[in-house]
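Note: the block below is final-v4.tsv and it holds TSV, C-alpha atoms (C1' of nucleotides).
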```
chain	number	residue	atom	x	y	z
A	163	MET	CA	45.18	-107.88	66.94
A	164	HIS	CA	44.69	-111.53	67.66
A	165	THR	CA	47.11	-114.39	67.37
A	166	LYS	CA	46.47	-116.84	64.57
A	167	LEU	CA	45.27	-120.15	65.85
A	168	SER	CA	46.92	-123.30	64.62
A	169	ILE	CA	44.87	-125.81	62.68
A	170	ILE	CA	44.66	-128.13	65.67
A	171	ASP	CA	43.75	-125.37	68.10
A	172	THR	CA	40.98	-124.21	65.82
A	173	LEU	CA	39.47	-127.68	65.76
A	174	LYS	CA	39.76	-128.09	69.52
A	175	LYS	CA	38.31	-124.66	70.14
A	176	HIS	CA	35.17	-125.80	68.33
A	177	GLN	CA	35.02	-129.10	70.23
A	178	LEU	CA	35.88	-131.23	67.26
A	179	SER	CA	38.07	-134.28	67.47
A	180	VAL	CA	41.27	-133.85	65.54
A	181	THR	CA	41.37	-136.16	62.53
A	182	ASP	CA	43.45	-136.32	59.39
A	183	ALA	CA	40.60	-135.28	57.16
A	184	ARG	CA	39.72	-132.26	59.23
A	185	LYS	CA	43.30	-131.10	59.63
A	186	ASN	CA	43.92	-131.54	55.95
A	187	ILE	CA	40.81	-129.81	54.68
A	188	LEU	CA	41.08	-126.97	57.17
A	189	SER	CA	44.68	-126.32	56.15
A	190	LEU	CA	43.59	-126.17	52.51
A	191	PHE	CA	41.43	-123.24	53.43
A	192	SER	CA	44.04	-121.35	55.39
A	193	GLU	CA	46.70	-121.96	52.76
A	194	SER	CA	44.53	-120.88	49.86
A	195	GLY	CA	43.16	-117.83	51.61
A	196	ASN	CA	40.24	-117.72	49.21
A	197	ALA	CA	37.00	-119.59	48.91
A	198	LEU	CA	36.91	-123.22	47.85
A	199	ALA	CA	34.19	-125.31	46.29
A	200	HIS	CA	33.66	-128.94	47.10
A	201	ALA	CA	35.20	-129.82	43.74
A	202	ASN	CA	38.37	-127.87	44.50
A	203	ILE	CA	38.85	-129.75	47.73
A	204	GLU	CA	38.24	-133.09	46.13
A	205	LYS	CA	40.96	-132.39	43.57
A	206	GLN	CA	43.52	-130.84	45.89
A	207	SER	CA	43.36	-133.57	48.47
A	208	SER	CA	43.19	-136.01	45.59
A	209	ALA	CA	42.22	-139.56	46.37
A	210	GLU	CA	43.13	-139.01	49.97
A	211	PHE	CA	39.64	-138.84	51.35
A	212	ASP	CA	36.31	-140.20	50.33
A	213	ARG	CA	33.88	-137.80	48.74
A	214	VAL	CA	31.46	-138.48	51.55
A	215	THR	CA	34.03	-137.49	54.15
A	216	ILE	CA	34.55	-134.17	52.41
A	217	TYR	CA	30.81	-133.50	52.33
A	218	ARG	CA	30.48	-134.29	55.99
A	219	THR	CA	33.55	-132.33	57.00
A	220	LEU	CA	32.35	-129.21	55.21
A	221	GLN	CA	28.95	-129.61	56.78
A	222	THR	CA	30.47	-129.92	60.24
A	223	PHE	CA	32.68	-126.89	59.71
A	224	VAL	CA	29.69	-124.79	58.67
A	225	GLU	CA	27.69	-125.92	61.70
A	226	LYS	CA	30.55	-125.11	64.04
A	227	GLY	CA	31.12	-121.71	62.51
A	228	ILE	CA	34.56	-122.44	61.11
A	229	ILE	CA	33.60	-121.81	57.50
A	230	HIS	CA	30.63	-120.15	55.84
A	231	THR	CA	28.91	-120.68	52.52
A	232	ILE	CA	29.00	-118.21	49.67
A	233	PRO	CA	26.00	-118.20	47.35
A	234	SER	CA	26.61	-118.48	43.65
A	235	SER	CA	24.63	-118.44	40.44
A	236	ASP	CA	26.09	-121.57	38.93
A	237	ASN	CA	25.04	-124.30	41.31
A	238	SER	CA	28.43	-124.52	42.96
A	239	VAL	CA	28.37	-123.27	46.52
A	240	LYS	CA	31.74	-122.15	47.77
A	241	TYR	CA	33.07	-122.13	51.31
A	242	ALA	CA	35.46	-119.78	53.04
A	243	LEU	CA	36.97	-119.41	56.49
A	244	CYS	CA	34.93	-117.38	58.89
A	245	LYS	CA	36.42	-114.53	60.80
A	246	ASP	CA	37.17	-115.35	64.38
A	247	GLU	CA	34.02	-113.78	65.73
A	248	CYS	CA	31.87	-116.46	64.13
A	249	ALA	CA	30.54	-119.07	66.49
A	250	ALA	CA	28.41	-122.15	66.01
A	251	GLY	CA	25.07	-121.17	64.55
A	252	HIS	CA	25.97	-117.51	64.55
A	253	HIS	CA	27.68	-116.39	61.41
A	254	HIS	CA	28.76	-112.78	61.21
A	255	ASP	CA	30.30	-112.65	57.80
A	256	ASP	CA	28.97	-109.36	56.63
A	257	HIS	CA	31.76	-108.78	54.16
A	258	ILE	CA	31.64	-108.79	50.41
A	259	HIS	CA	32.49	-111.68	48.15
A	260	PHE	CA	34.04	-111.04	44.81
A	261	ILE	CA	34.01	-113.71	42.12
A	262	CYS	CA	36.36	-113.19	39.19
A	263	ASP	CA	34.79	-114.17	35.88
A	264	PHE	CA	38.18	-114.98	34.37
A	265	CYS	CA	40.22	-116.90	36.93
A	266	GLY	CA	37.24	-118.05	38.94
A	267	ILE	CA	38.79	-117.13	42.27
A	268	THR	CA	36.38	-116.04	44.98
A	269	TYR	CA	37.77	-113.37	47.27
A	270	CYS	CA	36.51	-112.39	50.69
A	271	LEU	CA	36.85	-108.61	50.76
A	272	ASP	CA	37.01	-108.29	54.52
A	273	GLN	CA	37.85	-104.60	54.38
A	274	ILE	CA	34.48	-103.66	52.92
A	275	THR	CA	31.38	-104.24	54.97
A	276	VAL	CA	27.91	-104.65	53.56
A	277	PRO	CA	25.89	-101.44	53.88
A	278	LYS	CA	22.74	-101.61	55.98
A	279	ILE	CA	19.68	-102.13	53.83
A	280	LYS	CA	16.29	-100.69	54.66
A	281	LEU	CA	13.73	-103.40	53.94
A	282	PRO	CA	9.98	-102.96	53.40
A	283	ASN	CA	7.69	-103.23	56.41
A	284	GLY	CA	7.41	-106.71	57.81
A	285	PHE	CA	10.67	-107.98	56.38
A	286	LYS	CA	13.37	-108.84	58.91
A	287	ALA	CA	16.88	-109.69	57.83
A	288	THR	CA	19.01	-112.28	59.57
A	289	GLN	CA	21.68	-112.57	56.91
A	290	THR	CA	22.94	-110.48	54.05
A	291	ASP	CA	25.13	-111.71	51.22
A	292	LEU	CA	26.65	-109.36	48.73
A	293	ILE	CA	28.26	-111.07	45.77
A	294	VAL	CA	30.07	-108.97	43.22
A	295	SER	CA	31.45	-110.50	40.06
A	296	GLY	CA	33.73	-109.04	37.42
A	297	THR	CA	37.48	-108.78	36.91
A	298	CYS	CA	39.92	-109.13	39.78
A	299	ASN	CA	43.17	-107.24	40.22
A	300	LYS	CA	45.25	-110.11	38.85
A	301	CYS	CA	43.21	-110.53	35.68
A	302	GLU	CA	42.89	-106.89	34.61
A	303	GLN	CA	45.32	-105.72	31.93
B	499	MET	CA	4.38	-96.54	32.62
B	500	HIS	CA	4.59	-99.30	30.07
B	501	THR	CA	1.98	-101.72	28.93
B	502	LYS	CA	2.40	-105.31	30.05
B	503	LEU	CA	3.37	-107.57	27.20
B	504	SER	CA	1.46	-110.76	26.65
B	505	ILE	CA	3.29	-114.04	26.98
B	506	ILE	CA	3.39	-114.50	23.22
B	507	ASP	CA	4.54	-110.96	22.54
B	508	THR	CA	7.35	-111.35	25.04
B	509	LEU	CA	8.60	-114.45	23.26
B	510	LYS	CA	8.37	-112.85	19.83
B	511	LYS	CA	10.06	-109.70	21.06
B	512	HIS	CA	13.08	-111.82	21.92
B	513	GLN	CA	13.04	-113.67	18.61
B	514	LEU	CA	11.95	-116.95	20.07
B	515	SER	CA	9.55	-119.29	18.37
B	516	VAL	CA	6.35	-119.68	20.31
B	517	THR	CA	6.01	-123.18	21.69
B	518	ASP	CA	3.85	-124.80	24.35
B	519	ALA	CA	6.74	-125.30	26.73
B	520	ARG	CA	7.89	-121.70	26.51
B	521	LYS	CA	4.41	-120.25	26.85
B	522	ASN	CA	3.69	-122.51	29.79
B	523	ILE	CA	6.91	-121.89	31.69
B	524	LEU	CA	6.88	-118.17	31.05
B	525	SER	CA	3.35	-117.89	32.33
B	526	LEU	CA	4.35	-119.73	35.50
B	527	PHE	CA	6.76	-116.90	36.19
B	528	SER	CA	4.32	-114.09	35.56
B	529	GLU	CA	1.57	-115.80	37.55
B	530	SER	CA	3.76	-116.55	40.54
B	531	GLY	CA	5.40	-113.13	40.61
B	532	ASN	CA	8.27	-114.48	42.65
B	533	ALA	CA	11.35	-116.48	41.85
B	534	LEU	CA	11.15	-120.13	40.86
B	535	ALA	CA	13.70	-122.91	41.04
B	536	HIS	CA	13.94	-125.62	38.43
B	537	ALA	CA	12.33	-128.01	40.90
B	538	ASN	CA	9.29	-125.73	41.33
B	539	ILE	CA	8.73	-125.61	37.62
B	540	GLU	CA	9.08	-129.33	37.25
B	541	LYS	CA	6.40	-129.86	39.88
B	542	GLN	CA	3.98	-127.16	38.75
B	543	SER	CA	3.97	-128.16	35.12
B	544	SER	CA	3.94	-131.73	36.30
B	545	ALA	CA	4.64	-134.44	33.75
B	546	GLU	CA	3.83	-132.02	30.98
B	547	PHE	CA	7.35	-131.39	29.82
B	548	ASP	CA	10.53	-133.33	29.89
B	549	ARG	CA	13.13	-132.30	32.43
B	550	VAL	CA	15.52	-131.59	29.62
B	551	THR	CA	13.08	-129.21	27.99
B	552	ILE	CA	12.78	-127.24	31.20
B	553	TYR	CA	16.56	-126.97	31.54
B	554	ARG	CA	16.89	-125.78	27.98
B	555	THR	CA	14.00	-123.37	28.21
B	556	LEU	CA	15.38	-121.73	31.34
B	557	GLN	CA	18.79	-121.50	29.70
B	558	THR	CA	17.30	-119.86	26.62
B	559	PHE	CA	15.31	-117.40	28.70
B	560	VAL	CA	18.42	-116.37	30.60
B	561	GLU	CA	20.39	-115.89	27.38
B	562	LYS	CA	17.64	-113.79	25.88
B	563	GLY	CA	17.29	-111.63	28.95
B	564	ILE	CA	13.78	-112.74	29.86
B	565	ILE	CA	14.72	-114.14	33.26
B	566	HIS	CA	17.77	-113.81	35.48
B	567	THR	CA	19.38	-116.12	37.98
B	568	ILE	CA	19.44	-115.52	41.71
B	569	PRO	CA	22.38	-116.97	43.62
B	570	SER	CA	21.68	-119.12	46.63
B	571	SER	CA	23.60	-120.92	49.32
B	572	ASP	CA	21.86	-124.23	49.02
B	573	ASN	CA	22.73	-125.42	45.56
B	574	SER	CA	19.39	-124.44	44.10
B	575	VAL	CA	19.64	-121.50	41.74
B	576	LYS	CA	16.40	-119.63	41.35
B	577	TYR	CA	15.12	-117.68	38.39
B	578	ALA	CA	12.93	-114.59	38.18
B	579	LEU	CA	11.51	-112.38	35.47
B	580	CYS	CA	13.74	-109.55	34.41
B	581	LYS	CA	12.54	-106.02	34.32
B	582	ASP	CA	11.78	-104.79	30.83
B	583	GLU	CA	15.09	-103.03	30.41
B	584	CYS	CA	16.97	-106.31	30.32
B	585	ALA	CA	18.13	-107.41	26.92
B	586	ALA	CA	20.03	-110.43	25.67
B	587	GLY	CA	23.40	-110.59	27.34
B	588	HIS	CA	22.77	-107.41	29.30
B	589	HIS	CA	21.08	-107.96	32.60
B	590	HIS	CA	20.29	-104.90	34.67
B	591	ASP	CA	18.72	-106.46	37.69
B	592	ASP	CA	20.33	-104.40	40.38
B	593	HIS	CA	17.56	-104.97	42.85
B	594	ILE	CA	17.62	-106.92	46.06
B	595	HIS	CA	16.47	-110.49	46.51
B	596	PHE	CA	14.91	-111.56	49.75
B	597	ILE	CA	14.66	-115.23	50.67
B	598	CYS	CA	12.31	-116.13	53.51
B	599	ASP	CA	13.74	-118.80	55.78
B	600	PHE	CA	10.26	-120.00	56.74
B	601	CYS	CA	8.12	-120.15	53.61
B	602	GLY	CA	11.05	-120.30	51.21
B	603	ILE	CA	9.64	-117.68	48.88
B	604	THR	CA	12.18	-115.54	47.07
B	605	TYR	CA	11.04	-111.96	46.54
B	606	CYS	CA	12.43	-109.44	44.09
B	607	LEU	CA	12.42	-106.18	46.01
B	608	ASP	CA	12.37	-103.94	42.97
B	609	GLN	CA	11.87	-100.81	45.05
B	610	ILE	CA	15.26	-101.08	46.67
B	611	THR	CA	18.35	-100.79	44.54
B	612	VAL	CA	21.74	-102.17	45.41
B	613	PRO	CA	24.02	-99.45	46.79
B	614	LYS	CA	27.18	-98.71	44.84
B	615	ILE	CA	30.15	-100.52	46.34
B	616	LYS	CA	33.66	-99.12	46.31
B	617	LEU	CA	35.98	-102.01	45.46
B	618	PRO	CA	39.74	-102.23	46.08
B	619	ASN	CA	42.05	-101.05	43.32
B	620	GLY	CA	42.11	-103.31	40.29
B	621	PHE	CA	38.72	-104.88	40.93
B	622	LYS	CA	36.02	-104.08	38.39
B	623	ALA	CA	32.43	-105.09	38.93
B	624	THR	CA	30.16	-106.21	36.14
B	625	GLN	CA	27.41	-107.63	38.32
B	626	THR	CA	26.25	-107.22	41.87
B	627	ASP	CA	23.87	-109.53	43.71
B	628	LEU	CA	22.50	-108.70	47.08
B	629	ILE	CA	20.68	-111.55	48.77
B	630	VAL	CA	19.00	-110.95	52.08
B	631	SER	CA	17.45	-113.77	54.04
B	632	GLY	CA	15.25	-113.71	57.09
B	633	THR	CA	11.52	-113.47	57.78
B	634	CYS	CA	9.11	-112.10	55.18
B	635	ASN	CA	6.04	-109.99	55.87
B	636	LYS	CA	3.70	-112.98	55.62
B	637	CYS	CA	5.63	-115.14	58.05
B	638	GLU	CA	6.21	-112.64	60.83
B	639	GLN	CA	3.83	-112.84	63.79
C	938	DA	C1'	45.90	-149.68	77.77
C	939	DC	C1'	41.12	-150.02	77.69
C	940	DA	C1'	36.49	-148.74	76.95
C	941	DT	C1'	33.63	-145.37	74.83
C	942	DC	C1'	32.31	-142.44	71.50
C	943	DA	C1'	32.93	-140.13	67.07
C	944	DT	C1'	34.54	-140.41	62.40
C	945	DT	C1'	35.63	-142.65	58.13
C	946	DG	C1'	35.08	-145.44	53.93
C	947	DC	C1'	32.36	-148.33	51.28
C	948	DA	C1'	28.32	-149.51	48.75
C	949	DA	C1'	24.18	-148.43	47.05
C	950	DC	C1'	21.14	-145.06	45.93
C	951	DT	C1'	18.70	-140.48	44.69
C	952	DT	C1'	18.83	-136.19	42.63
C	953	DT	C1'	20.52	-132.96	39.37
C	954	DG	C1'	22.36	-131.68	35.12
C	955	DT	C1'	24.26	-132.81	30.15
C	956	DT	C1'	24.59	-134.63	25.29
C	957	DG	C1'	23.30	-136.82	20.75
C	958	DC	C1'	19.85	-137.90	17.83
C	959	DA	C1'	15.40	-138.89	15.68
C	960	DA	C1'	10.60	-137.26	15.73
C	961	DA	C1'	7.54	-133.52	16.14
C	962	DA	C1'	6.32	-128.84	16.05
C	963	DT	C1'	7.13	-124.09	14.46
C	964	DA	C1'	8.38	-120.78	11.09
C	965	DT	C1'	9.28	-119.52	6.24
C	966	DT	C1'	8.92	-119.71	1.41
C	967	DT	C1'	6.61	-120.34	-2.75
D	1481	DA	C1'	-2.33	-123.49	1.69
D	1482	DA	C1'	1.13	-126.82	0.92
D	1483	DA	C1'	5.98	-127.81	0.92
D	1484	DT	C1'	10.42	-126.92	2.66
D	1485	DA	C1'	13.64	-125.44	6.01
D	1486	DT	C1'	14.65	-124.59	10.65
D	1487	DT	C1'	13.91	-125.13	15.70
D	1488	DT	C1'	12.44	-127.42	19.44
D	1489	DT	C1'	11.15	-131.45	21.94
D	1490	DG	C1'	11.43	-136.05	24.10
D	1491	DC	C1'	13.88	-140.10	24.74
D	1492	DA	C1'	17.78	-142.67	26.12
D	1493	DA	C1'	21.92	-142.90	27.97
D	1494	DC	C1'	25.14	-140.86	30.60
D	1495	DA	C1'	27.92	-137.89	34.00
D	1496	DA	C1'	28.13	-135.36	38.11
D	1497	DA	C1'	26.61	-134.10	42.67
D	1498	DG	C1'	24.76	-135.22	46.98
D	1499	DT	C1'	22.69	-138.58	50.62
D	1500	DT	C1'	22.12	-142.61	53.81
D	1501	DG	C1'	23.08	-146.91	56.55
D	1502	DC	C1'	26.40	-149.65	58.43
D	1503	DA	C1'	30.63	-151.93	59.66
D	1504	DA	C1'	35.41	-150.83	60.59
D	1505	DT	C1'	38.64	-147.67	61.95
D	1506	DG	C1'	40.46	-143.99	64.65
D	1507	DA	C1'	40.32	-140.43	68.51
D	1508	DT	C1'	39.53	-139.27	73.35
D	1509	DG	C1'	39.34	-139.54	78.41
D	1510	DT	C1'	40.00	-142.24	82.47
```
What does the file become when written as structure tokens?
Amino acid sequence: MHTKLSIIDTLKKHQLSVTDARKNILSLFSESGNALAHANIEKQSSAEFDRVTIYRTLQTFVEKGIIHTIPSSDNSVKYALCKDECAAGHHHDDHIHFICDFCGITYCLDQITVPKIKLPNGFKATQTDLIVSGTCNKCEQ
Amino acid sequence: MHTKLSIIDTLKKHQLSVTDARKNILSLFSESGNALAHANIEKQSSAEFDRVTIYRTLQTFVEKGIIHTIPSSDNSVKYALCKDECAAGHHHDDHIHFICDFCGITYCLDQITVPKIKLPNGFKATQTDLIVSGTCNKCEQ
DNA sequence: ACATCATTGCAACTTTGTTGCAAAATATTT
DNA sequence: AAATATTTTGCAACAAAGTTGCAATGATGT
């Protein structure tokens, strides 16, 4: 097992200067545990930071390998914390994302890994995203 | 095997009135063969149809089961023709989508089906999207 | 504490998506 | 085939989402 890095240590580890916006937004992710969309962040850290700052912070975090994007069908990309093995430019988030149709929460199902897919000749995969949607364990009756 | 439906027959089959916009946009899909984003359609049928018409047409096609959406990480949902088994409200597009990082083309790899995923207790899947990105067979050297 | 470098907020803008309504086109009835 | 009913389209106006340049503020290392 590994020890959980503090917010500040995580930023320093990725050679980022420690600012209020970054500390705040990063802690939103670790507190929530699940994926967040830009809109979520804008509401939760309400009126604290400029929209532009949030855009740029998310962008920086993705570049540095702190968070990764999760594709979606409704024009609202979500972001979630990467596992520790992710480094700048090298994302290794081969787990499954589950989007609940009822509560809207996006879960990272770290336990389940994406099965290897055999592609047709000439196709080479660099990234694989598996997005499952349906009903989560809180919303089932 | 099944016989390929004409553009007009496809529209009628789904109880849609046959209009220029629908014929035109639907034929763009069957000619291209691959997935198209709203932006592609707006360019290809340039200045012919209002932006709003394209939005509404795509929405209608999705509702009727003529096309399906393909999630993406860059805030640009793409659309592709459904296989014939799709009906209104019931999409059965359990194939893999491949997005080429170089040419940007999104392929529907109909040959390969998405493997069944065992979810944690309490999670029920209604839809599964598998998006692979990398280099396609035209762009490899 | 100071100088340097990076980050933030503001303003202005572009792009993307939505809604209401009148005009035009399609479908339906006689 | 013409008249009516129903849908669809385009326009305008708007709302939301994302981008860029630049001055001011804040962080970092010596």
Write out as a VMD selection string the residues lying within 10 Å of DG1506 of chain D, counting only C-alpha atoms (C1' of nucleotides) and excluding same-chain residues fewer than 3 positions away.
(chain A and resid 181 to 182) or (chain C and resid 943 to 945)
Using only C-alpha atoms, which of the listed residues (B:Ile523, B:Ile594, B:Val630, B:Phe621) sits closest to Arg554 of chain B?
B:Ile523
By how many Å are atom CA of Lys280 of chain A and atom CA of Ala535 of chain B apart?
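Spanning atom CA of Lys280 of chain A to atom CA of Ala535 of chain B is a straight-line distance of 26.2 Å.
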Nearest to chain D by atom-to-atom distance, counting all atoms listed in the file, from B:Leu534, B:Val550, B:Leu509, B:Ala623:
B:Val550
Please return, as a ChimeraX atom specification, all residues of chain B lying within 12 Å of chain A when only C-alpha atoms are considered.
/B:535-536,557,560,566-577,592-600,605-639
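Coordinates place atom C1' of DA1507 of chain D at a distance of 21.0 Å from atom CA of Leu167 of chain A.
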Neighbours of DT1484 of chain D within 10 Å (all atoms listed in the file; same-chain residues fewer than 4 positions away dropped), as a ChimeraX atom specification?
/C:965-967
List the spatial neighbours of Glu540 of chain B as a JSON list (two decimals) with C-alpha atoms, in the coordinates of the input - criterion: any atom at most 9 Å away, all atoms listed in the file, same-chain residues fewer than 6 positions off excluded.
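What ended up in part.json:
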```json
[["chain", "number", "residue", "atom", "x", "y", "z"],
["B", 546, "GLU", "CA", 3.83, -132.02, 30.98],
["B", 547, "PHE", "CA", 7.35, -131.39, 29.82],
["B", 548, "ASP", "CA", 10.53, -133.33, 29.89],
["B", 549, "ARG", "CA", 13.13, -132.30, 32.43],
["B", 552, "ILE", "CA", 12.78, -127.24, 31.20]]
```
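Shortest atom-to-atom contact with DC942 of chain C among A:Asn202, A:Thr172, A:Ser179, A:Thr268: A:Ser179, counting all atoms listed in the file.
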Distance cut-off 9 Å, centre (36.2, -148.6, 58.4) in file coordinates, counting all atoms listed in the file: which residues qualify? Return them as a VMD selection string.
(chain C and resid 945 to 947) or (chain D and resid 1503 to 1506)
One-decimal distance in Å that lies between atom CA of Gln513 of chain B and atom C1' of DT1486 of chain D:
13.6 Å
Measuring between only C-alpha atoms (C1' of nucleotides), which one of A:Thr222, A:Lys175, A:Ser192, A:Ser168 shows the shortest distance to chain C?
A:Thr222
Mind running chain D against chain B at 10 Å and telling me each contacting residue's nearest atom pair with the distance in Å (one decimal), counting all atoms listed in the file, chain and number ascending, as a Markdown table?
```
| residue | atom | partner | partner_atom | distance |
| --- | --- | --- | --- | --- |
| D:DT1487 | C1' | B:Ser515 | CA | 7.8 |
| D:DT1488 | C1' | B:Thr517 | CA | 8.0 |
| D:DT1489 | C1' | B:Thr551 | CA | 6.7 |
| D:DG1490 | C1' | B:Asp548 | CA | 6.5 |
| D:DC1491 | C1' | B:Asp548 | CA | 9.1 |
| D:DA1497 | C1' | B:Asn573 | CA | 9.9 |
```
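These residues, each with an atom at most 9 Å from (43.5, -143.1, 78.3) using all atoms listed in the file, are DA938 and DC939 of chain C; DT1508, DG1509 and DT1510 of chain D.
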N, CA and C atoms are what I want for segment 600-612 of chain B; can you complete it accordingly and write them as an mmCIF file, in the coordinates of the input?
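Dumped to result_33.cif:
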```
data_model
loop_
_atom_site.group_PDB
_atom_site.id
_atom_site.type_symbol
_atom_site.label_atom_id
_atom_site.label_comp_id
_atom_site.auth_asym_id
_atom_site.auth_seq_id
_atom_site.Cartn_x
_atom_site.Cartn_y
_atom_site.Cartn_z
ATOM 1 N N PHE B 600 11.389 -119.181 56.303
ATOM 2 C CA PHE B 600 10.260 -120.000 56.740
ATOM 3 C C PHE B 600 9.481 -120.556 55.558
ATOM 4 N N CYS B 601 8.938 -119.662 54.715
ATOM 5 C CA CYS B 601 8.120 -120.150 53.610
ATOM 6 C C CYS B 601 8.947 -120.451 52.368
ATOM 7 N N GLY B 602 10.184 -119.985 52.340
ATOM 8 C CA GLY B 602 11.050 -120.300 51.210
ATOM 9 C C GLY B 602 10.859 -119.441 49.982
ATOM 10 N N ILE B 603 9.893 -118.535 50.033
ATOM 11 C CA ILE B 603 9.640 -117.680 48.880
ATOM 12 C C ILE B 603 10.795 -116.707 48.667
ATOM 13 N N THR B 604 11.172 -116.528 47.414
ATOM 14 C CA THR B 604 12.180 -115.540 47.070
ATOM 15 C C THR B 604 11.509 -114.340 46.422
ATOM 16 N N TYR B 605 11.654 -113.190 47.039
ATOM 17 C CA TYR B 605 11.040 -111.960 46.540
ATOM 18 C C TYR B 605 12.066 -111.120 45.786
ATOM 19 N N CYS B 606 11.623 -110.468 44.724
ATOM 20 C CA CYS B 606 12.430 -109.440 44.090
ATOM 21 C C CYS B 606 11.975 -108.101 44.637
ATOM 22 N N LEU B 607 12.808 -107.473 45.443
ATOM 23 C CA LEU B 607 12.420 -106.180 46.010
ATOM 24 C C LEU B 607 12.858 -105.074 45.038
ATOM 25 N N ASP B 608 12.011 -104.867 44.051
ATOM 26 C CA ASP B 608 12.370 -103.940 42.970
ATOM 27 C C ASP B 608 12.536 -102.510 43.458
ATOM 28 N N GLN B 609 11.829 -102.181 44.543
ATOM 29 C CA GLN B 609 11.870 -100.810 45.050
ATOM 30 C C GLN B 609 13.268 -100.405 45.508
ATOM 31 N N ILE B 610 13.964 -101.377 46.071
ATOM 32 C CA ILE B 610 15.260 -101.080 46.670
ATOM 33 C C ILE B 610 16.377 -101.436 45.698
ATOM 34 N N THR B 611 17.228 -100.482 45.434
ATOM 35 C CA THR B 611 18.350 -100.790 44.540
ATOM 36 C C THR B 611 19.605 -101.061 45.353
ATOM 37 N N VAL B 612 20.500 -101.802 44.741
ATOM 38 C CA VAL B 612 21.740 -102.170 45.410
ATOM 39 C C VAL B 612 22.640 -100.937 45.478
#
```
